[in-house]
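A.B. asks: Before I ask anything, let me first share the structure, which is written out below as structure tokens.
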Amino acid sequence: YKGGLRFHPSVNLGILKFLGFEQIFKNSLTTLPMGGGKGGSDFDPKGKSENEVMNFCQSFMTELSRHIGASTDIPAGDIGVGTREIGYMFGQYKRIKNEFTGVLTGKGLNWGGSLIRPEATGYGCVYFTENMLNTKGDSLKDKTIIISGSGNVAQFAAEKCNELGGKVVSMSDSSGTIYDKNGIDNNKLDWIKNLKNNERGRISEYTNKYDAVYKHGNKPWQIKCDVALPCATQNEINEKDANILVKNNCIAVAEGANMPCTTKAVDKFIDSKILYGPGKAANAGGVAVSGLEMSQNSMRIQWNRKEVDSKLKEIMNNIHKQCELYGTEGKFINYSKGANIGGFIKVADAILDQGVV
């Protein structure tokens with residue numbers, strides 16, 4: 001089984017069940033041999049000292065270690081769980097079990113991690129978006145793109161958009177949104193990475209450095225765009241937001257976060273024939289490279305950056321093909337339907353093959 005650990009005050013059993021259920025079908029779509037799982041705690045790492053975070057991670061792993069293993073269940077990171085937390089938990093697992101195995105993914109590069117793992121979810125989301133646009137004879141080149149969030153997924157989605165010739169004009173955090181009509185190029189993006197990853201600052205500080213507008217308490221969905229990539233958290237695009245995106249002639253929406261669009265928002269996109277990439281397909285890049293990290297650990301090797309990126313792109317292409325196969329309705333591809341059916345069929349066939357209990 002494979003899925004993220006989440007440390008956030010909102011975590012409860014219901015959230016973990018719905019995330020775990022979704023993870024099963026996402027992992028199925030990757031074509032890699034992984035079932036789905038999810039875990040975590042309502043512990044909040046924000047505002048805690050290094051020692052407090054380390055002590056909690058070690059206590060958490062002391063119990064978790066009885067339930068996981070390199071051939072049983074391999075957790076990764078999620079909200080509130082980054083390389084630091086994975087490191088503390090990995091060290092505790094090693095002490096308890098007296099073995100060095102690929103029991104967690106998202107590890108540091110010098111102790112079993114994979115290149116492209118931090119970038120994978122954001123890169124994969126953009127690869128999937130490009131695939132969707134290609135079905136219309138189009139691409140991300142010269143497209144205006146709005147991105148929510150400013151964490152790991154948003155940062156690397158923006159990086160890949162820039163690489164493919166798009167213009168990213170927004171990023172956000174829980175306080176509000178910045179709008180830079182000139183585009184957030186790689187130099188500006190490097191500044192945001194330092195702000196968020198090292199200084200732990202607020203996105204509003206961007207306007208002290210660059211010519212941009214900050215909208216306190218707002219999400220980015222009112223900004224005119226060609227492509228929208230929600231990369232922050234669940235339920236961040238509601239029906240009202242979806243109506244605005246449609247009205248502003250947005251042509252594609254792809255979920256970088258886990259289930260960021262409400263059901264009514266998804267219905268609006270599909271009814272309006274907008275290219276809509278659901279999270280179980282569009283953000284599967286993260287778990288795909290986690291699977292590749294597991295493979296590298298098992299083989300005791302490390303692939304180079306180009307190899308991992310190439311494999312990620314191929315996996316995202318294969319996911320898109322499955323969505324196309326099961327979701328084509330005349331000239332329109334219903335990616336939500338395609339992803340649901342494609343993921344379900346593989347799981348259902350495996351259950352039947354192994355005997356229904």
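Chain labels A, B, ... are given in the sequence in which chains occur in the structure tokens; within each chain residues are numbered consecutively from 1, and ligands are likewise numbered from 1 in the order shown.
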Contacts of A:Lys268 at 12 Å or less, counting only C-alpha atoms, minus same-chain residues fewer than 3 places along, as JSON, numbers by chain?
C.D. replies: {"A": [237, 238, 239, 240, 241, 242, 243, 244, 245, 246, 247, 253, 261, 262, 263, 264, 265, 271, 272, 273, 274, 275, 276]}
A.B. asks: Among stretch 28-106 of chain A, which residues does DSSP mark as helix (DSSP H, G or I) when it is run on the backbone? Keep the chain and numbering as in the structure and answer as JSON, numbers by chain.
C.D. replies: {"A": [28, 29, 50, 51, 52, 53, 54, 55, 56, 57, 58, 59, 60, 61, 62, 63, 64, 83, 84, 85, 86, 87, 88, 89, 90, 91, 92, 93, 94, 95, 96, 97]}
A.B. asks: Please dump the current selection as a PDB file, in the first residue's frame; keep C-alpha atoms.
C.D. replies:
ATOM      1  CA  SER A  28      -4.320   2.018  -9.808  1.00  0.00           C
ATOM      2  CA  LEU A  29      -4.162   4.593 -12.624  1.00  0.00           C
ATOM      3  CA  GLU A  50      12.607  21.281  15.954  1.00  0.00           C
ATOM      4  CA  ASN A  51      12.767  19.180  19.129  1.00  0.00           C
ATOM      5  CA  GLU A  52       8.988  19.122  19.536  1.00  0.00           C
ATOM      6  CA  VAL A  53       8.525  17.997  15.922  1.00  0.00           C
ATOM      7  CA  MET A  54      11.255  15.357  16.258  1.00  0.00           C
ATOM      8  CA  ASN A  55       9.848  14.008  19.529  1.00  0.00           C
ATOM      9  CA  PHE A  56       6.366  13.709  18.057  1.00  0.00           C
ATOM     10  CA  CYS A  57       7.622  12.013  14.856  1.00  0.00           C
ATOM     11  CA  GLN A  58       9.591   9.488  16.900  1.00  0.00           C
ATOM     12  CA  SER A  59       6.636   8.707  19.179  1.00  0.00           C
ATOM     13  CA  PHE A  60       4.320   8.427  16.166  1.00  0.00           C
ATOM     14  CA  MET A  61       6.694   5.994  14.416  1.00  0.00           C
ATOM     15  CA  THR A  62       7.129   3.891  17.563  1.00  0.00           C
ATOM     16  CA  GLU A  63       3.479   2.813  17.156  1.00  0.00           C
ATOM     17  CA  LEU A  64       3.279   3.034  13.338  1.00  0.00           C
ATOM     18  CA  THR A  83      11.633  15.717   4.217  1.00  0.00           C
ATOM     19  CA  ARG A  84      12.357  16.798   7.811  1.00  0.00           C
ATOM     20  CA  GLU A  85       9.472  14.783   9.281  1.00  0.00           C
ATOM     21  CA  ILE A  86      10.155  11.798   6.998  1.00  0.00           C
ATOM     22  CA  GLY A  87      13.776  11.875   8.198  1.00  0.00           C
ATOM     23  CA  TYR A  88      12.846  11.806  11.875  1.00  0.00           C
ATOM     24  CA  MET A  89      10.379   8.949  11.308  1.00  0.00           C
ATOM     25  CA  PHE A  90      12.805   7.001   9.105  1.00  0.00           C
ATOM     26  CA  GLY A  91      15.539   7.272  11.739  1.00  0.00           C
ATOM     27  CA  GLN A  92      13.182   5.988  14.434  1.00  0.00           C
ATOM     28  CA  TYR A  93      12.018   3.066  12.257  1.00  0.00           C
ATOM     29  CA  LYS A  94      15.662   2.136  11.634  1.00  0.00           C
ATOM     30  CA  ARG A  95      16.426   2.193  15.361  1.00  0.00           C
ATOM     31  CA  ILE A  96      13.398   0.057  16.238  1.00  0.00           C
ATOM     32  CA  LYS A  97      13.762  -2.503  13.429  1.00  0.00           C
TER      33      LYS A  97
END
A.B. asks: Measuring between only C-alpha atoms, which one of A:Lys215, A:Lys38, A:Arg300, A:Lys143 shows the shortest distance to A:Met171?
C.D. replies: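 Ranked by minimum distance to A:Met171, first place goes to A:Lys215.
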A.B. asks: Quick one: everything within 9 Å of stretch 181-185 of chain A, counting only C-alpha atoms, minus sequence neighbours fewer than 5 positions away in the same chain. Send it as a PyMOL selection string.
C.D. replies: chain A and resi 144+158-159+162+167-171+190+211-213
A.B. asks: Which polymer residues have any atom within 12 Å of an atom of A:Met132, counting only C-alpha atoms, with same-chain residues fewer than 6 positions away left out, as a list in words?
C.D. replies: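 The contact residues come out as Cys125, Val126, Asp138, Ser139, Leu140, Val227, Ile251, Ala252, Val253, Ala254, Ile274, Leu275, Tyr276, Gly277, Pro278, Ala281, Ala282, Met316, Asn317, Ile319, His320, Lys321, Cys323, Glu324, Phe332, Ile333, Asn334 and Tyr335 of chain A.
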A.B. asks: Would you work out the distance separating atom CA of A:Ile192 from atom CA of A:Tyr206, expressed in Å to one decimal?
C.D. replies: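 Separation of atom CA of A:Ile192 and atom CA of A:Tyr206: 7.4 Å.
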A.B. asks: DSSP on the backbone: what in stretch 100-273 of chain A comes out strand (DSSP E), as number ranges by chain?
C.D. replies: A: 144-148, 167-173, 176-179, 213-216, 227-230, 252-254
A.B. asks: Restricting it to N, CA, C and O atoms, dump the selection as a compact mmCIF listing (two decimals), in the first residue's frame.
C.D. replies:
# COMPACT_ATOMS: atom_id res chain seq x y z
N THR A 144 -2.00 32.00 -20.29
CA THR A 144 -2.01 32.66 -18.98
C THR A 144 -2.54 31.66 -17.96
O THR A 144 -3.63 31.10 -18.13
N ILE A 145 -1.76 31.44 -16.89
CA ILE A 145 -2.05 30.36 -15.94
C ILE A 145 -2.17 30.94 -14.53
O ILE A 145 -1.31 31.71 -14.09
N ILE A 146 -3.25 30.57 -13.84
CA ILE A 146 -3.36 30.93 -12.42
C ILE A 146 -3.16 29.67 -11.57
O ILE A 146 -3.67 28.60 -11.89
N ILE A 147 -2.38 29.83 -10.51
CA ILE A 147 -2.06 28.72 -9.61
C ILE A 147 -2.40 29.14 -8.19
O ILE A 147 -2.09 30.26 -7.78
N SER A 148 -3.08 28.28 -7.45
CA SER A 148 -3.32 28.54 -6.02
C SER A 148 -2.28 27.77 -5.22
O SER A 148 -1.76 26.75 -5.66
N LYS A 167 2.64 31.45 -18.93
CA LYS A 167 2.87 32.61 -18.06
C LYS A 167 2.01 32.47 -16.82
O LYS A 167 0.79 32.60 -16.87
N VAL A 168 2.66 32.21 -15.68
CA VAL A 168 1.97 32.08 -14.40
C VAL A 168 1.80 33.47 -13.79
O VAL A 168 2.78 34.21 -13.64
N VAL A 169 0.56 33.84 -13.47
CA VAL A 169 0.32 35.20 -12.97
C VAL A 169 -0.15 35.25 -11.51
O VAL A 169 -0.32 36.33 -10.96
N SER A 170 -0.37 34.08 -10.88
CA SER A 170 -0.83 34.13 -9.48
C SER A 170 -0.31 32.96 -8.67
O SER A 170 -0.05 31.87 -9.20
N MET A 171 -0.15 33.22 -7.37
CA MET A 171 0.07 32.18 -6.36
C MET A 171 -0.60 32.69 -5.09
O MET A 171 -0.96 33.88 -4.99
N SER A 172 -0.79 31.82 -4.11
CA SER A 172 -1.55 32.23 -2.93
C SER A 172 -1.09 31.47 -1.69
O SER A 172 -0.32 30.50 -1.78
N ASP A 173 -1.57 31.91 -0.55
CA ASP A 173 -1.48 31.11 0.67
C ASP A 173 -2.77 31.33 1.47
O ASP A 173 -3.71 31.95 0.95
N GLY A 176 -4.09 35.09 1.44
CA GLY A 176 -4.56 35.79 0.26
C GLY A 176 -3.79 35.41 -0.99
O GLY A 176 -3.04 34.43 -1.00
N THR A 177 -3.96 36.22 -2.05
CA THR A 177 -3.43 35.91 -3.38
C THR A 177 -2.61 37.07 -3.93
O THR A 177 -2.97 38.23 -3.75
N ILE A 178 -1.52 36.73 -4.62
CA ILE A 178 -0.79 37.75 -5.37
C ILE A 178 -1.14 37.62 -6.85
O ILE A 178 -1.33 36.50 -7.35
N TYR A 179 -1.23 38.76 -7.54
CA TYR A 179 -1.47 38.79 -8.99
C TYR A 179 -0.36 39.61 -9.63
O TYR A 179 -0.23 40.81 -9.37
N VAL A 213 -0.08 42.87 -7.35
CA VAL A 213 -1.22 43.23 -6.50
C VAL A 213 -1.46 42.10 -5.50
O VAL A 213 -1.44 40.92 -5.88
N TYR A 214 -1.68 42.44 -4.25
CA TYR A 214 -2.02 41.45 -3.24
C TYR A 214 -3.49 41.60 -2.86
O TYR A 214 -3.96 42.69 -2.55
N LYS A 215 -4.22 40.47 -2.91
CA LYS A 215 -5.64 40.49 -2.58
C LYS A 215 -5.86 39.69 -1.30
O LYS A 215 -5.92 38.46 -1.32
N HIS A 216 -5.98 40.42 -0.19
CA HIS A 216 -6.10 39.77 1.11
C HIS A 216 -7.41 38.98 1.22
O HIS A 216 -8.48 39.47 0.89
N VAL A 227 -5.75 28.77 -18.17
CA VAL A 227 -5.60 27.50 -17.44
C VAL A 227 -5.57 27.79 -15.93
O VAL A 227 -4.92 28.74 -15.49
N ALA A 228 -6.29 26.97 -15.16
CA ALA A 228 -6.29 27.09 -13.69
C ALA A 228 -5.77 25.81 -13.06
O ALA A 228 -6.23 24.71 -13.41
N LEU A 229 -4.81 25.96 -12.16
CA LEU A 229 -4.23 24.80 -11.47
C LEU A 229 -4.39 24.98 -9.96
O LEU A 229 -3.58 25.65 -9.32
N PRO A 230 -5.46 24.43 -9.37
CA PRO A 230 -5.62 24.49 -7.91
C PRO A 230 -4.62 23.55 -7.22
O PRO A 230 -4.70 22.33 -7.39
N ALA A 252 -9.00 25.06 -19.38
CA ALA A 252 -8.55 23.83 -18.72
C ALA A 252 -8.34 24.05 -17.23
O ALA A 252 -7.81 25.09 -16.81
N VAL A 253 -8.76 23.06 -16.44
CA VAL A 253 -8.54 23.05 -14.99
C VAL A 253 -7.96 21.68 -14.64
O VAL A 253 -8.51 20.65 -15.02
N ALA A 254 -6.83 21.67 -13.93
CA ALA A 254 -6.23 20.40 -13.51
C ALA A 254 -5.90 20.48 -12.03
O ALA A 254 -5.32 21.46 -11.56
A.B. asks: As number ranges by chain, please: the residues near A:Glu307 (cut-off 12 Å, only C-alpha atoms, same-chain neighbours under 3 positions excluded).
C.D. replies: A: 114-116, 289, 292, 296, 302-304, 310-314
A.B. asks: Okay, now the selection with N, CA, C and O atoms, as a short mmCIF file (atom, residue, chain, number, x, y, z; two decimals), in the first residue's frame?
C.D. replies:
data_model
loop_
_atom_site.label_atom_id
_atom_site.label_comp_id
_atom_site.auth_asym_id
_atom_site.auth_seq_id
_atom_site.Cartn_x
_atom_site.Cartn_y
_atom_site.Cartn_z
N SER A 114 14.77 9.86 -3.97
CA SER A 114 14.84 9.88 -5.44
C SER A 114 14.88 11.31 -5.95
O SER A 114 14.19 12.19 -5.42
N LEU A 115 15.67 11.53 -6.97
CA LEU A 115 15.61 12.79 -7.69
C LEU A 115 14.21 12.98 -8.26
O LEU A 115 13.52 12.02 -8.56
N ILE A 116 13.78 14.22 -8.40
CA ILE A 116 12.47 14.62 -8.95
C ILE A 116 11.32 14.35 -7.98
O ILE A 116 10.19 14.76 -8.21
N VAL A 289 6.28 8.88 -8.60
CA VAL A 289 7.72 8.93 -8.32
C VAL A 289 8.03 8.30 -6.97
O VAL A 289 9.13 7.76 -6.77
N LEU A 292 8.60 4.94 -7.98
CA LEU A 292 9.93 4.83 -8.60
C LEU A 292 11.02 4.86 -7.52
O LEU A 292 12.06 4.19 -7.66
N GLN A 296 13.90 2.00 -6.87
CA GLN A 296 15.34 2.28 -6.73
C GLN A 296 15.88 1.72 -5.41
O GLN A 296 16.98 1.16 -5.37
N GLN A 302 20.37 4.43 -7.84
CA GLN A 302 19.72 5.74 -7.93
C GLN A 302 19.78 6.22 -9.38
O GLN A 302 20.85 6.37 -9.95
N TRP A 303 18.60 6.41 -9.98
CA TRP A 303 18.53 6.92 -11.34
C TRP A 303 18.85 8.41 -11.35
O TRP A 303 18.62 9.11 -10.36
N ASN A 304 19.35 8.90 -12.51
CA ASN A 304 19.63 10.33 -12.59
C ASN A 304 18.34 11.12 -12.84
O ASN A 304 17.29 10.55 -13.10
N SER A 310 11.84 11.47 -17.17
CA SER A 310 11.34 10.77 -18.37
C SER A 310 10.30 9.72 -17.99
O SER A 310 9.26 9.58 -18.65
N LYS A 311 10.60 8.95 -16.92
CA LYS A 311 9.65 7.92 -16.47
C LYS A 311 8.36 8.56 -15.96
O LYS A 311 7.26 8.04 -16.18
N LEU A 312 8.48 9.70 -15.24
CA LEU A 312 7.31 10.43 -14.75
C LEU A 312 6.44 10.88 -15.92
O LEU A 312 5.21 10.69 -15.90
N LYS A 313 7.06 11.47 -16.93
CA LYS A 313 6.31 11.94 -18.10
C LYS A 313 5.59 10.79 -18.78
O LYS A 313 4.43 10.91 -19.19
N GLU A 314 6.27 9.64 -18.88
CA GLU A 314 5.66 8.46 -19.51
C GLU A 314 4.46 7.96 -18.71
O GLU A 314 3.42 7.60 -19.28
#
A.B. asks: Please measure the separation of atom CA of A:Lys141 and atom CA of A:Leu325, giving the value in Å to one decimal.
C.D. replies: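 Taking atom CA of A:Lys141 as the start and atom CA of A:Leu325 as the end point, the length is 25.9 Å.
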A.B. asks: Please provide the set of residues having any atom within 9 Å of A:Phe7, restricted to only C-alpha atoms, with same-chain residues fewer than 5 positions apart removed, written as a ChimeraX atom specification.
C.D. replies: /A:39-45,78-81
A.B. asks: Quick one: pull the distance between atom CA of A:Ala257 and atom CA of A:Trp191, Å, one decimal.
C.D. replies: 22.3 Å
A.B. asks: Identify which of the residues A:Val347, A:Leu164, A:Ile68, A:Leu32 lies closest to A:Ala284, counting only C-alpha atoms when measuring atom-to-atom distances.
C.D. replies: A:Leu32
A.B. asks: Using only C-alpha atoms, can you tell me which of A:Gly35, A:Gly151, A:Gly77, A:Gly82 comes closest to A:Ile351?
C.D. replies: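 Distance minimum relative to A:Ile351 lands on A:Gly35.
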A.B. asks: Using only C-alpha atoms for the distances, tell me which of A:Ile24, A:Ala232, A:Leu109, A:Met294 is nearest to A:Asn152.
C.D. replies: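 Nearest candidate to A:Asn152 out of A:Ile24, A:Ala232, A:Leu109, A:Met294: A:Ala232.
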